[in-house]
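Chemist: One structure, pasted below without further comment.
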Amino acid sequence: MKQYRVGIIGCTGMVGQRFTTILKNHPWFKVTALAASASSAGKTYEEAVSGRWAMNEPIPSDIAKLTVFDAKADMEKIVSLVDFVFCAVNMKSDEIIALEEAYAKLECPVISNNKEHRSTPDVPMIIPELNASHHE
């Protein structure tokens with residue numbers, strides 16, 4: 001089975017941290033890029049979340065040593081490393097829209113945990129229990 005290369009945008013926040021634990025040892029997804037704000041960029045993930053790790057389990061070892069990218073400045077590098085990204089940023093609404101659209105313009109699919117595109121006509125909202133077939 002193919003394993004998709006994925007990125008987590010907003011990896012240092014609570015939802016981003018949860019993504020790392022959910023994706024640990026996942027059979028379909030391999031985390032190959034992490035991104036957050038400029039203040040976390042250049043640090044290992046372990047350094048970036050030091051003192052603020054909020055999960056009950058330890059930082060996944062295969063993710064802990066990955067270097068965190070700047071979600072805005074390093075978009076092209078991130079896109080080159082992934083098949084798609086999970087987005088869990090905590091920003092103002094207009095900033096989230098701009099960030100997600102910038103990734104989409106680079107032809108990188110964005111799976112967002114944010115509400116900003118729920119009314120955008122060409123952006124599907126998928127709730128697996130209700131409309132799993134909409135991803136096709």
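Every chain in the structure tokens has a letter given in the order shown (A, B, ...), and although residue numbers restart at 1 in each chain, ligands are simply numbered from 1 in the order shown.
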Could you pull the residues within 12 Å of Lys2 (chain A), counting only C-alpha atoms, minus those fewer than 5 positions along the same chain, as a CSV table (one decimal) with N, CA, C and O atoms, in the first residue's frame?

Modeler:
```csv
chain,number,residue,atom,x,y,z
A,26,HIS,N,1.1,5.5,11.3
A,26,HIS,CA,-0.1,5.4,10.5
A,26,HIS,C,0.3,4.6,9.2
A,26,HIS,O,1.3,4.9,8.6
A,27,PRO,N,-0.5,3.6,8.8
A,27,PRO,CA,-0.2,2.8,7.6
A,27,PRO,C,-0.3,3.6,6.3
A,27,PRO,O,0.3,3.2,5.3
A,28,TRP,N,-1.1,4.7,6.3
A,28,TRP,CA,-1.3,5.4,5.0
A,28,TRP,C,-0.5,6.7,4.9
A,28,TRP,O,-0.3,7.2,3.8
A,29,PHE,N,-0.1,7.3,6.0
A,29,PHE,CA,0.5,8.6,6.0
A,29,PHE,C,1.9,8.6,6.8
A,29,PHE,O,2.0,8.0,7.8
A,30,LYS,N,2.9,9.3,6.2
A,30,LYS,CA,4.2,9.5,6.8
A,30,LYS,C,4.4,11.0,6.9
A,30,LYS,O,4.4,11.7,5.8
A,83,ASP,N,2.8,15.2,-0.3
A,83,ASP,CA,1.7,14.9,-1.2
A,83,ASP,C,0.5,15.9,-0.9
A,83,ASP,O,-0.3,16.3,-1.8
```

Chemist: So that I can see what lies close to Met75 (chain A), please list as a ChimeraX atom specification the residues with an atom at most 9 Å from it, counting only C-alpha atoms and leaving out residues fewer than 3 positions away in the same chain.

Modeler: /A:35,69-72,78-80,102-103,106

Chemist: Enumerate the residues of chain A with a DSSP assignment of strand (DSSP E), computed from the backbone, and present them as a ChimeraX atom specification.

Modeler: /A:4-9,29-36,68-70,84-87,110-112

Chemist: Compile the contact shell of Pro60 (chain A) as a PDB file with N, CA, C and O atoms, in the first residue's frame: residues with an atom at most 8 Å away, counting only C-alpha atoms, same-chain residues fewer than 5 positions apart removed.

Modeler:
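Below is the file around38.pdb, written as the result:
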```pdb
ATOM      1  N   THR A  20       0.189  14.961  15.260  1.00  0.00           N
ATOM      2  CA  THR A  20       1.414  14.155  15.310  1.00  0.00           C
ATOM      3  C   THR A  20       1.175  12.821  16.001  1.00  0.00           C
ATOM      4  O   THR A  20       1.723  11.803  15.573  1.00  0.00           O
ATOM      5  N   THR A  21       0.361  12.813  17.041  1.00  0.00           N
ATOM      6  CA  THR A  21       0.116  11.545  17.741  1.00  0.00           C
ATOM      7  C   THR A  21      -0.803  10.625  16.941  1.00  0.00           C
ATOM      8  O   THR A  21      -0.617   9.415  16.934  1.00  0.00           O
ATOM      9  N   LYS A  24       1.241   9.001  14.065  1.00  0.00           N
ATOM     10  CA  LYS A  24       2.359   8.144  14.457  1.00  0.00           C
ATOM     11  C   LYS A  24       2.093   6.705  14.002  1.00  0.00           C
ATOM     12  O   LYS A  24       1.049   6.135  14.294  1.00  0.00           O
TER      13      LYS A  24
END
```
